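Just coords.cif here, mmCIF, C-alpha atoms and all ligand atoms:
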```
data_target
#
loop_
_atom_site.label_atom_id
_atom_site.label_comp_id
_atom_site.auth_asym_id
_atom_site.auth_seq_id
_atom_site.Cartn_x
_atom_site.Cartn_y
_atom_site.Cartn_z
CA MET A 219 79.25 -77.28 -45.55
CA LYS A 220 78.97 -79.97 -42.93
CA ILE A 221 80.10 -80.38 -39.32
CA GLU A 222 79.40 -83.84 -37.97
CA GLY A 223 77.04 -84.37 -40.90
CA LYS A 224 74.98 -81.21 -40.20
CA GLU A 225 74.89 -78.35 -42.73
CA TYR A 226 76.08 -74.99 -41.39
CA ARG A 227 76.78 -71.51 -42.63
CA THR A 228 79.38 -69.54 -40.67
CA ILE A 229 77.02 -66.70 -39.67
CA TRP A 230 73.25 -66.27 -39.48
CA PHE A 231 70.58 -64.14 -37.85
CA ASP A 232 68.40 -65.66 -35.17
CA GLU A 233 65.06 -63.89 -35.80
CA GLN A 234 63.44 -65.16 -32.62
CA ASN A 235 66.14 -63.93 -30.25
CA GLN A 236 67.29 -61.03 -32.44
CA VAL A 237 70.95 -62.03 -32.18
CA VAL A 238 73.63 -62.90 -34.71
CA LYS A 239 75.03 -66.44 -34.45
CA ILE A 240 78.63 -67.28 -35.27
CA ILE A 241 80.85 -70.32 -34.96
CA ASP A 242 83.57 -69.24 -32.50
CA GLN A 243 86.70 -70.05 -34.50
CA THR A 244 89.05 -69.39 -31.57
CA LYS A 245 87.72 -72.63 -30.05
CA LEU A 246 88.23 -74.84 -33.12
CA PRO A 247 89.26 -77.58 -33.66
CA HIS A 248 88.87 -78.81 -30.08
CA GLN A 249 85.42 -77.37 -29.38
CA PHE A 250 82.54 -76.46 -31.71
CA ILE A 251 80.77 -73.55 -30.09
CA VAL A 252 78.03 -71.39 -31.59
CA LYS A 253 78.16 -67.94 -30.02
CA ASP A 254 75.62 -65.09 -29.87
CA LEU A 255 76.58 -61.56 -30.89
CA LYS A 256 74.10 -59.19 -29.24
CA THR A 257 75.59 -55.75 -29.81
CA VAL A 258 77.75 -54.03 -32.39
CA LYS A 259 80.54 -54.08 -29.77
CA ASP A 260 80.27 -57.89 -29.72
CA ALA A 261 80.68 -57.90 -33.52
CA ILE A 262 83.72 -55.60 -33.34
CA ASN A 263 85.29 -57.79 -30.66
CA ALA A 264 84.56 -60.99 -32.62
CA ILE A 265 86.45 -59.56 -35.61
CA LYS A 266 89.35 -58.24 -33.48
CA VAL A 267 90.01 -61.42 -31.51
CA MET A 268 89.33 -63.57 -34.60
CA GLU A 269 86.28 -65.46 -33.39
CA VAL A 270 85.39 -64.77 -36.99
CA ARG A 271 88.11 -64.28 -39.57
CA GLY A 272 88.81 -64.61 -43.26
CA ALA A 273 88.08 -61.66 -45.54
CA PRO A 274 84.55 -62.52 -46.76
CA LEU A 275 83.33 -63.59 -43.30
CA ILE A 276 84.79 -60.42 -41.75
CA GLY A 277 82.70 -58.51 -44.32
CA GLY A 278 79.57 -60.52 -43.48
CA THR A 279 80.11 -59.97 -39.75
CA ALA A 280 80.57 -56.23 -40.27
CA ALA A 281 77.28 -56.14 -42.21
CA TYR A 282 75.51 -57.92 -39.35
CA GLY A 283 77.36 -55.60 -36.94
CA ILE A 284 75.41 -52.73 -38.52
CA VAL A 285 72.20 -54.72 -38.00
CA LEU A 286 73.10 -55.05 -34.31
CA ALA A 287 73.82 -51.30 -34.16
CA ALA A 288 70.39 -50.66 -35.74
CA LEU A 289 68.80 -52.90 -33.10
CA GLU A 290 70.43 -50.76 -30.40
CA SER A 291 69.39 -47.44 -31.96
CA SER A 292 67.93 -46.20 -35.24
CA ASP A 293 69.84 -42.90 -34.82
CA PHE A 294 71.95 -42.60 -37.96
CA ASN A 295 74.79 -40.91 -36.00
CA PHE A 296 75.13 -44.00 -33.80
CA ILE A 297 75.15 -46.24 -36.85
CA LYS A 298 77.79 -44.06 -38.55
CA GLN A 299 80.01 -44.10 -35.44
CA SER A 300 79.57 -47.89 -35.19
CA SER A 301 80.56 -48.20 -38.86
CA GLU A 302 83.78 -46.35 -38.24
CA ASP A 303 84.55 -48.55 -35.23
CA LEU A 304 83.83 -51.66 -37.29
CA ILE A 305 86.14 -50.54 -40.10
CA LYS A 306 88.95 -50.02 -37.58
CA SER A 307 88.59 -53.50 -36.06
CA ARG A 308 91.01 -55.10 -38.58
CA PRO A 309 92.91 -53.16 -41.22
CA THR A 310 93.90 -55.49 -44.06
CA ALA A 311 90.83 -57.32 -45.41
CA ILE A 312 89.13 -54.84 -47.77
CA ASN A 313 85.81 -56.73 -47.53
CA LEU A 314 85.28 -55.11 -44.13
CA LYS A 315 85.10 -51.55 -45.54
CA TRP A 316 83.36 -52.80 -48.68
CA ALA A 317 80.53 -54.34 -46.63
CA VAL A 318 80.18 -51.38 -44.25
CA ASP A 319 80.09 -48.89 -47.16
CA ARG A 320 77.45 -50.98 -48.92
CA MET A 321 75.31 -51.06 -45.76
CA LEU A 322 75.65 -47.29 -45.20
CA LYS A 323 74.79 -46.50 -48.81
CA LYS A 324 71.57 -48.46 -48.47
CA LEU A 325 70.68 -46.94 -45.08
CA SER A 326 71.36 -43.35 -46.15
CA LYS A 327 68.39 -43.44 -48.54
CA ILE A 328 65.59 -44.44 -46.12
CA ASN A 329 63.48 -43.21 -43.18
CA SER A 330 64.54 -44.07 -39.64
CA HIS A 331 61.62 -46.49 -39.08
CA GLN A 332 62.88 -48.61 -42.00
CA VAL A 333 66.48 -48.82 -40.74
CA LEU A 334 66.35 -52.21 -39.03
CA ASN A 335 64.53 -54.09 -41.77
CA THR A 336 66.62 -52.55 -44.52
CA ALA A 337 69.86 -53.31 -42.66
CA LEU A 338 68.82 -56.90 -42.03
CA ASN A 339 67.85 -57.45 -45.68
CA GLU A 340 71.09 -55.94 -46.94
CA ALA A 341 73.24 -58.02 -44.53
CA LYS A 342 71.40 -61.14 -45.70
CA ASP A 343 71.95 -60.11 -49.33
CA ILE A 344 75.67 -59.60 -48.73
CA CYS A 345 75.96 -63.08 -47.21
CA ASN A 346 73.79 -64.77 -49.85
CA GLU A 347 75.80 -63.11 -52.58
CA ASP A 348 79.08 -64.25 -51.02
CA GLU A 349 77.81 -67.82 -50.86
CA LYS A 350 76.73 -67.68 -54.52
CA PHE A 351 80.03 -66.13 -55.62
CA CYS A 352 82.08 -68.70 -53.71
CA GLN A 353 80.10 -71.50 -55.35
CA LYS A 354 80.87 -70.00 -58.76
CA ILE A 355 84.56 -69.69 -57.83
CA GLY A 356 84.41 -73.41 -57.14
CA LEU A 357 82.91 -74.24 -60.53
CA ASN A 358 85.47 -72.05 -62.31
CA GLY A 359 88.41 -73.48 -60.34
CA LEU A 360 87.14 -77.02 -60.84
CA LYS A 361 87.99 -76.75 -64.55
CA ILE A 362 91.66 -76.17 -63.69
CA ILE A 363 91.78 -79.18 -61.36
CA GLU A 364 90.00 -81.30 -63.97
CA GLU A 365 92.55 -80.31 -66.59
CA ILE A 366 95.43 -81.35 -64.33
CA TYR A 367 93.69 -84.63 -63.53
CA ASN A 368 92.99 -85.41 -67.18
CA LYS A 369 96.71 -85.04 -67.94
CA LYS A 370 98.03 -86.74 -64.80
CA LYS A 371 95.41 -89.48 -64.42
CA ASP A 372 96.34 -89.71 -60.78
CA THR A 373 95.59 -87.94 -57.49
CA VAL A 374 95.91 -84.16 -57.79
CA ASN A 375 98.02 -82.70 -54.97
CA ILE A 376 97.01 -79.17 -54.06
CA LEU A 377 98.81 -76.95 -51.57
CA THR A 378 96.93 -74.26 -49.67
CA HIS A 379 97.95 -71.69 -47.08
CA CYS A 380 95.99 -70.33 -44.11
CA ASN A 381 92.25 -70.95 -44.15
CA ALA A 382 90.47 -69.71 -47.24
CA GLY A 383 87.85 -72.35 -46.58
CA TRP A 384 84.15 -72.24 -45.86
CA LEU A 385 85.02 -71.07 -42.35
CA ALA A 386 86.57 -67.94 -43.89
CA THR A 387 83.51 -67.16 -45.98
CA ILE A 388 79.77 -67.71 -45.58
CA ASN A 389 79.94 -71.11 -47.27
CA TRP A 390 82.14 -73.10 -49.71
CA GLY A 391 85.29 -70.98 -49.18
CA THR A 392 87.35 -69.39 -51.92
CA ALA A 393 90.50 -71.53 -52.25
CA THR A 394 88.64 -74.59 -50.98
CA SER A 395 85.59 -74.23 -53.19
CA PRO A 396 87.29 -75.72 -56.30
CA ILE A 397 88.57 -78.47 -53.98
CA TYR A 398 85.08 -79.27 -52.67
CA HIS A 399 83.68 -79.24 -56.20
CA ALA A 400 86.45 -81.54 -57.48
CA HIS A 401 85.81 -83.93 -54.58
CA LYS A 402 82.07 -83.97 -55.27
CA LYS A 403 82.84 -84.77 -58.90
CA GLY A 404 84.92 -87.76 -57.85
CA ILE A 405 88.33 -86.40 -58.88
CA PRO A 406 90.94 -87.91 -56.54
CA ILE A 407 92.61 -85.06 -54.64
CA HIS A 408 94.94 -84.66 -51.71
CA ILE A 409 95.57 -81.37 -49.96
CA TRP A 410 98.86 -80.20 -48.44
CA VAL A 411 97.73 -77.91 -45.63
CA ASP A 412 100.28 -75.31 -44.49
CA GLU A 413 100.07 -75.17 -40.71
CA THR A 414 100.12 -71.33 -40.92
CA ARG A 415 101.85 -70.06 -37.84
CA PRO A 416 101.23 -68.25 -35.63
CA ARG A 417 97.44 -68.73 -35.44
CA ASN A 418 97.56 -72.11 -37.21
CA GLN A 419 94.52 -71.46 -39.37
CA GLY A 420 95.71 -74.22 -41.72
CA ALA A 421 96.02 -76.90 -39.05
CA ASN A 422 93.13 -75.76 -36.85
CA LEU A 423 90.60 -74.75 -39.47
CA THR A 424 91.45 -75.94 -43.01
CA SER A 425 92.39 -79.46 -42.01
CA TYR A 426 89.39 -79.57 -39.66
CA GLU A 427 86.89 -78.60 -42.35
CA LEU A 428 88.48 -80.89 -44.96
CA ASN A 429 88.26 -83.77 -42.47
CA GLU A 430 84.55 -83.04 -41.94
CA GLU A 431 84.04 -83.28 -45.72
CA LYS A 432 86.23 -86.42 -45.85
CA ILE A 433 88.84 -84.90 -48.14
CA PRO A 434 92.33 -86.45 -47.76
CA ASN A 435 94.75 -83.87 -46.38
CA THR A 436 98.11 -83.64 -44.65
CA ILE A 437 99.28 -80.79 -42.43
CA ILE A 438 102.82 -79.60 -43.13
CA ALA A 439 105.05 -77.07 -41.39
CA ASP A 440 105.01 -73.75 -43.23
CA ASN A 441 108.49 -74.24 -44.65
CA THR A 442 107.83 -77.67 -46.16
CA GLY A 443 106.11 -76.61 -49.39
CA GLY A 444 109.41 -75.82 -51.15
CA ILE A 445 110.87 -79.30 -50.92
CA LEU A 446 107.54 -80.89 -51.83
CA MET A 447 107.49 -78.78 -54.99
CA GLN A 448 111.08 -79.80 -55.81
CA ARG A 449 109.97 -83.43 -55.47
CA ASP A 450 107.00 -82.89 -57.84
CA GLU A 451 104.59 -83.58 -55.03
CA VAL A 452 102.54 -80.41 -55.57
CA ASP A 453 100.47 -80.08 -58.77
CA MET A 454 99.09 -76.65 -57.98
CA CYS A 455 98.68 -74.10 -55.19
CA ILE A 456 95.41 -72.32 -54.45
CA VAL A 457 95.27 -69.60 -51.81
CA GLY A 458 92.81 -66.87 -50.82
CA THR A 459 93.31 -63.14 -50.53
CA ASP A 460 92.41 -60.34 -48.16
CA ARG A 461 92.94 -57.57 -50.68
CA THR A 462 93.63 -57.87 -54.39
CA LEU A 463 94.91 -54.74 -56.09
CA SER A 464 93.69 -53.78 -59.55
CA THR A 465 97.28 -54.52 -60.64
CA GLY A 466 96.76 -58.19 -59.71
CA ASP A 467 99.05 -58.01 -56.66
CA VAL A 468 97.60 -60.10 -53.89
CA CYS A 469 97.73 -59.53 -50.13
CA ASN A 470 97.15 -62.67 -48.09
CA LYS A 471 98.24 -64.40 -44.89
CA ILE A 472 101.91 -64.04 -44.01
CA GLY A 473 103.94 -66.70 -45.81
CA THR A 474 101.89 -66.68 -49.02
CA TYR A 475 104.58 -64.71 -50.86
CA LEU A 476 107.32 -67.22 -50.02
CA LYS A 477 105.10 -70.05 -51.23
CA ALA A 478 104.50 -68.19 -54.50
CA LEU A 479 108.26 -67.75 -54.96
CA ALA A 480 108.84 -71.46 -54.43
CA ALA A 481 106.01 -72.27 -56.85
CA HIS A 482 107.50 -69.94 -59.47
CA ASP A 483 110.95 -71.53 -59.10
CA ASN A 484 109.44 -74.99 -59.57
CA ASP A 485 106.92 -74.23 -62.34
CA VAL A 486 104.01 -75.07 -60.08
CA PRO A 487 100.83 -73.14 -61.02
CA PHE A 488 99.94 -70.66 -58.28
CA TYR A 489 96.27 -69.61 -58.26
CA VAL A 490 94.47 -67.10 -56.06
CA ALA A 491 90.71 -67.49 -55.51
CA LEU A 492 88.59 -64.45 -54.69
CA PRO A 493 85.15 -62.91 -54.86
CA SER A 494 85.09 -59.42 -56.41
CA SER A 495 84.39 -57.92 -52.95
CA THR A 496 88.11 -58.50 -52.26
CA ILE A 497 89.29 -56.19 -55.04
CA ASP A 498 90.66 -52.82 -53.98
CA TRP A 499 90.28 -50.54 -57.02
CA ASN A 500 91.88 -47.56 -55.25
CA ILE A 501 95.33 -48.58 -53.98
CA LYS A 502 97.79 -49.02 -56.84
CA ASP A 503 101.07 -49.61 -55.01
CA LEU A 504 101.44 -52.76 -52.91
CA LYS A 505 103.46 -50.79 -50.35
CA ASP A 506 100.32 -48.75 -49.53
CA ILE A 507 98.34 -51.77 -48.33
CA PRO A 508 97.79 -51.55 -44.55
CA ILE A 509 99.46 -54.65 -43.14
CA GLU A 510 98.15 -55.68 -39.75
CA GLU A 511 100.67 -56.24 -36.98
CA ARG A 512 99.17 -58.35 -34.23
CA ASN A 513 100.18 -58.98 -30.64
CA SER A 514 103.50 -60.84 -30.41
CA GLU A 515 101.90 -63.09 -27.79
CA GLU A 516 100.30 -64.96 -30.72
CA LEU A 517 103.85 -66.08 -31.57
CA SER A 518 105.35 -66.59 -28.13
CA HIS A 519 102.39 -68.56 -26.74
CA ILE A 520 100.59 -71.56 -28.14
CA GLU A 521 97.27 -73.18 -27.27
CA GLY A 522 96.47 -76.87 -27.39
CA ILE A 523 94.72 -79.66 -25.61
CA ASP A 524 96.41 -81.59 -22.79
CA ASP A 525 96.14 -85.30 -21.95
CA GLU A 526 93.08 -84.64 -19.76
CA GLY A 527 91.31 -82.92 -22.66
CA LYS A 528 91.75 -79.45 -21.18
CA VAL A 529 92.61 -76.54 -23.48
CA LYS A 530 95.85 -74.94 -22.26
CA LYS A 531 98.01 -72.02 -23.35
CA VAL A 532 101.77 -72.25 -22.85
CA MET A 533 104.74 -70.01 -23.57
CA ILE A 534 107.25 -71.43 -26.06
CA TYR A 535 109.79 -68.58 -26.42
CA PRO A 536 112.58 -67.44 -24.11
CA LYS A 537 111.12 -64.93 -21.63
CA LYS A 538 113.54 -62.20 -22.68
CA SER A 539 113.05 -62.53 -26.45
CA LYS A 540 111.26 -59.97 -28.56
CA ALA A 541 108.94 -61.18 -31.33
CA MET A 542 107.27 -59.50 -34.28
CA ASN A 543 103.94 -60.61 -35.69
CA LEU A 544 103.09 -59.27 -39.15
CA ALA A 545 99.85 -60.92 -40.22
CA PHE A 546 99.95 -60.51 -44.03
CA ASP A 547 102.32 -60.18 -46.97
CA VAL A 548 101.90 -59.28 -50.61
CA THR A 549 102.53 -61.52 -53.60
CA PRO A 550 103.31 -59.51 -56.73
CA ALA A 551 101.11 -60.29 -59.74
CA LYS A 552 104.04 -61.73 -61.71
CA TYR A 553 104.04 -64.78 -59.43
CA VAL A 554 100.30 -65.42 -59.77
CA THR A 555 99.29 -67.85 -62.54
CA GLY A 556 95.66 -66.75 -62.46
CA LEU A 557 92.83 -65.29 -60.40
CA ILE A 558 89.83 -67.57 -59.91
CA THR A 559 86.78 -65.32 -59.51
CA GLU A 560 83.01 -65.68 -59.61
CA LYS A 561 83.07 -64.47 -63.21
CA GLY A 562 85.79 -66.78 -64.45
CA VAL A 563 89.56 -67.25 -64.33
CA CYS A 564 91.71 -64.33 -65.44
CA GLU A 565 95.30 -63.20 -65.55
CA ALA A 566 96.51 -61.22 -62.53
CA SER A 567 96.76 -57.90 -64.36
CA THR A 568 94.99 -54.56 -64.58
CA ASP A 569 93.78 -55.24 -68.11
CA ALA A 570 92.32 -58.64 -67.30
CA LEU A 571 90.66 -57.44 -64.08
CA GLN A 572 89.21 -54.37 -65.79
CA LYS A 573 87.85 -56.50 -68.60
CA MET A 574 86.27 -58.94 -66.20
CA PHE A 575 84.73 -56.51 -63.71
CA LYS A 576 84.43 -52.99 -65.10
O1 LIG B 601 94.03 -63.54 -40.27
P1 LIG B 601 92.96 -64.30 -41.00
O2 LIG B 601 92.76 -65.68 -40.51
O3 LIG B 601 91.67 -63.51 -41.07
O4 LIG B 601 93.51 -64.41 -42.49
C1 LIG B 601 92.75 -65.04 -43.46
C2 LIG B 601 93.44 -65.19 -44.75
O5 LIG B 601 94.56 -64.77 -44.93
C3 LIG B 601 92.65 -65.82 -45.86
O6 LIG B 601 93.50 -66.49 -46.74
C4 LIG B 601 91.92 -64.70 -46.62
O7 LIG B 601 91.14 -63.95 -45.76
C5 LIG B 601 91.10 -65.23 -47.71
S1 LIG B 601 89.67 -66.02 -47.05
C6 LIG B 601 88.65 -66.61 -48.19
#
```

Reformat the file's structure so that it appears as structure tokens.
Ligand code: MRU
Amino acid sequence: MKIEGKEYRTIWFDEQNQVVKIIDQTKLPHQFIVKDLKTVKDAINAIKVMEVRGAPLIGGTAAYGIVLAALESSDFNFIKQSSEDLIKSRPTAINLKWAVDRMLKKLSKINSHQVLNTALNEAKDICNEDEKFCQKIGLNGLKIIEEIYNKKKDTVNILTHCNAGWLATINWGTATSPIYHAHKKGIPIHIWVDETRPRNQGANLTSYELNEEKIPNTIIADNTGGILMQRDEVDMCIVGTDRTLSTGDVCNKIGTYLKALAAHDNDVPFYVALPSSTIDWNIKDLKDIPIEERNSEELSHIEGIDDEGKVKKVMIYPKKSKAMNLAFDVTPAKYVTGLITEKGVCEASTDALQKMFK
């Protein structure tokens, strides 16, 4: 997708300098900075502090993290230890473990002198595949938007939460891919962007990337979706997911569940867009999903730009108050209208997922 008219992917390998390039998302929307990751530790840190974030991009970064480890040493023990450290960097998005396992499987079958090339090729394959899958998600989701437009014959209002945009993937996004495809096809759309406290991925990232693609959007406080649905101002919701259980339950950014409840109460279709790398075939009970709890400072402090254009962080809570920062929640399958995947749209259920992917 484009930033100031120039096409970018969110991560790539710089062959000449043997470094991994990322767009530092902690600096958006005020500064667009491309950062070098030189070591596997840099990759781990980038995931932890959310310079890169979003399930598919976390997976892509982990894959390139193994490439960086292989650049440091072709000793398989070092690579295995690095893999474990990468997996621990964030607990909820299953794509992280999925990508690391895929890299290790490939590397376990080759001689040490082939490690670097094999790792680099596999990391590139993982990213190319994600881009292709996200594009297909877009084409499959486009049909749903088209159907709504054909009935309504007026602007389709879509609500999204967090950033499941191209910044969260390698390109296109998951939830945003049907949106980009609808826009390219000339369907009039408008996006309600949940601000998504505390890290404001909606306001800082989703709105930013939609603006760059010239897609009309409005940022709303996280609690506004309910009244907009009661007023018939939301035609559908599309969100992403960090881990989709084989039961169809969906773990995504905190606040997704409440939006799904409001959608259910107001008969608003609630879709979840995902590549198959986000499916966890092992965990069956939503209570077993590891939910990340992040530093409460993400809640009590907020960053913005002052009148002189300087980025500043300020505290907004009473000094003595305690705060709790759970990063994800789980939406039970019964509240999900459908899963938009690279293979097509299916019901959020074990049967439908098995039929589509197994
Ligand atoms: O904490 P984040 O910003 O990594 O959370 C991201 C989300 O919750 C996204 O909705 C999810 O990863 C799907 S991204 C295509």

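Taking only C-alpha atoms, the non-local environment of range 334-351 of chain A within 7 Å (same-chain residues fewer than 2 positions away omitted) comprises Gly278, Ala281, Tyr282, Ile284, Val285, Ala288, Leu289, Met321, Leu325, Gln332, Gln353, Lys354, Ile355, Ile388, Asn389, Trp390, Pro493 and Glu560 of chain A.
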
At a cut-off of 7 Å, can you tabulate as a tab-separated table every residue of range 232-295 of chain A near range 302-316 of chain A together with its closest atom pair and the distance in Å to one decimal, using all atoms listed in the file and ordering rows by chain then number?
```
residue	atom	partner	partner_atom	distance
A:Ile262	CA	A:Leu304	CA	5.6
A:Ile265	CA	A:Ser307	CA	6.4
A:Lys266	CA	A:Ser307	CA	5.4
A:Ala273	CA	A:Ala311	CA	5.1
A:Pro274	CA	A:Asn313	CA	6.0
A:Ile276	CA	A:Leu314	CA	5.8
A:Gly277	CA	A:Leu314	CA	4.3
A:Ala280	CA	A:Leu314	CA	6.2
```

Check which residues of chain A sit at most 7 Å from ligand LIG 601 (chain B) using only C-alpha atoms and all ligand atoms, and return one row each with the closest pair of atoms and their distance in Å to one decimal, ordered by chain and rising number, as a Markdown table.
```
| residue | atom | partner | partner_atom | distance |
| --- | --- | --- | --- | --- |
| A:Met268 | CA | B:LIG601 | O3 | 6.9 |
| A:Arg271 | CA | B:LIG601 | O3 | 3.9 |
| A:Gly272 | CA | B:LIG601 | O7 | 3.5 |
| A:Ala273 | CA | B:LIG601 | O7 | 3.8 |
| A:Pro274 | CA | B:LIG601 | C6 | 6.0 |
| A:Ala311 | CA | B:LIG601 | O7 | 6.6 |
| A:His379 | CA | B:LIG601 | O6 | 6.9 |
| A:Cys380 | CA | B:LIG601 | O6 | 5.3 |
| A:Asn381 | CA | B:LIG601 | O6 | 5.3 |
| A:Ala382 | CA | B:LIG601 | C6 | 3.7 |
| A:Gly383 | CA | B:LIG601 | C6 | 6.0 |
| A:Ala386 | CA | B:LIG601 | S1 | 4.8 |
| A:Thr387 | CA | B:LIG601 | C6 | 5.6 |
| A:Gly391 | CA | B:LIG601 | C6 | 5.6 |
| A:Thr392 | CA | B:LIG601 | C6 | 4.8 |
| A:Ala393 | CA | B:LIG601 | C6 | 6.6 |
| A:Gln419 | CA | B:LIG601 | O2 | 6.1 |
| A:Val457 | CA | B:LIG601 | O6 | 6.2 |
| A:Gly458 | CA | B:LIG601 | C5 | 3.9 |
| A:Thr459 | CA | B:LIG601 | C5 | 4.1 |
| A:Asp460 | CA | B:LIG601 | O7 | 4.5 |
| A:Asn470 | CA | B:LIG601 | O5 | 4.6 |
| A:Lys471 | CA | B:LIG601 | O5 | 3.7 |
| A:Leu492 | CA | B:LIG601 | C6 | 6.8 |
| A:Ala545 | CA | B:LIG601 | O1 | 6.4 |
| A:Phe546 | CA | B:LIG601 | O5 | 6.9 |
```

With C-alpha atoms retained, write the just-selected residues as an mmCIF file, keeping the file's coordinate frame.
```cif
data_model
loop_
_atom_site.group_PDB
_atom_site.id
_atom_site.type_symbol
_atom_site.label_atom_id
_atom_site.label_comp_id
_atom_site.auth_asym_id
_atom_site.auth_seq_id
_atom_site.Cartn_x
_atom_site.Cartn_y
_atom_site.Cartn_z
ATOM 1 C CA MET A 268 89.330 -63.570 -34.600
ATOM 2 C CA ARG A 271 88.110 -64.280 -39.570
ATOM 3 C CA GLY A 272 88.810 -64.610 -43.260
ATOM 4 C CA ALA A 273 88.080 -61.660 -45.540
ATOM 5 C CA PRO A 274 84.550 -62.520 -46.760
ATOM 6 C CA ALA A 311 90.830 -57.320 -45.410
ATOM 7 C CA HIS A 379 97.950 -71.690 -47.080
ATOM 8 C CA CYS A 380 95.990 -70.330 -44.110
ATOM 9 C CA ASN A 381 92.250 -70.950 -44.150
ATOM 10 C CA ALA A 382 90.470 -69.710 -47.240
ATOM 11 C CA GLY A 383 87.850 -72.350 -46.580
ATOM 12 C CA ALA A 386 86.570 -67.940 -43.890
ATOM 13 C CA THR A 387 83.510 -67.160 -45.980
ATOM 14 C CA GLY A 391 85.290 -70.980 -49.180
ATOM 15 C CA THR A 392 87.350 -69.390 -51.920
ATOM 16 C CA ALA A 393 90.500 -71.530 -52.250
ATOM 17 C CA GLN A 419 94.520 -71.460 -39.370
ATOM 18 C CA VAL A 457 95.270 -69.600 -51.810
ATOM 19 C CA GLY A 458 92.810 -66.870 -50.820
ATOM 20 C CA THR A 459 93.310 -63.140 -50.530
ATOM 21 C CA ASP A 460 92.410 -60.340 -48.160
ATOM 22 C CA ASN A 470 97.150 -62.670 -48.090
ATOM 23 C CA LYS A 471 98.240 -64.400 -44.890
ATOM 24 C CA LEU A 492 88.590 -64.450 -54.690
ATOM 25 C CA ALA A 545 99.850 -60.920 -40.220
ATOM 26 C CA PHE A 546 99.950 -60.510 -44.030
#
```

- request: Please measure the separation of CA of Thr414 in chain A and CA of Tyr489 in chain A, giving the value in Å to one decimal.
  value: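 So the two atoms, CA of Thr414 in chain A and CA of Tyr489 in chain A, lie 17.8 Å apart.
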
query: What is the CA of Asn263 in chain A to CA of Lys531 in chain A distance in Å?
result: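 CA of Lys531 in chain A lies 20.4 Å from CA of Asn263 in chain A.
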
field: From A:Ser518, A:Leu463, A:Asp525, A:Asn513, residue lying nearest Ala566 in chain A [only C-alpha atoms]
entry: A:Leu463

- prompt: Counting only C-alpha atoms, which of A:Met574, A:Leu246, A:Ile523, A:Leu275 gets nearest to Thr228 in chain A?
  reply: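 So, comparing all the options, the nearest one is A:Leu275.
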
message: Please return as a ChimeraX atom specification every residue within 9 Å of (107.1, -74.1, -42.3), taking into account all atoms listed in the file and the file's own coordinates.
response: /A:412-415,438-443,473

task: Quick one: everything within 12 Å of Asp232 in chain A, counting only C-alpha atoms, minus sequence neighbours fewer than 5 positions away in the same chain. Send it as a PyMOL selection string.
output: chain A and resi 237-240+252-256+282+285-286+338+342

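Atom pair CA of Glu526 in chain A / CA of Ser425 in chain A: separated by 22.9 Å.
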
Once 5 Å is added on each side, what centre and edge lengths in Å to one decimal does the axis-aligned box around all listed atoms of range 329-343 of chain A have, as lines of an AutoDock Vina configuration file?
```
center_x = 67.4
center_y = -52.2
center_z = -44.2
size_x = 21.6
size_y = 27.9
size_z = 20.3
```

Which residue of A:Lys530, A:Ile328, A:Ser291, A:Trp384 approaches Ile229 in chain A most closely, using only C-alpha atoms: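 Nearest candidate to Ile229 in chain A out of A:Lys530, A:Ile328, A:Ser291, A:Trp384: A:Trp384.
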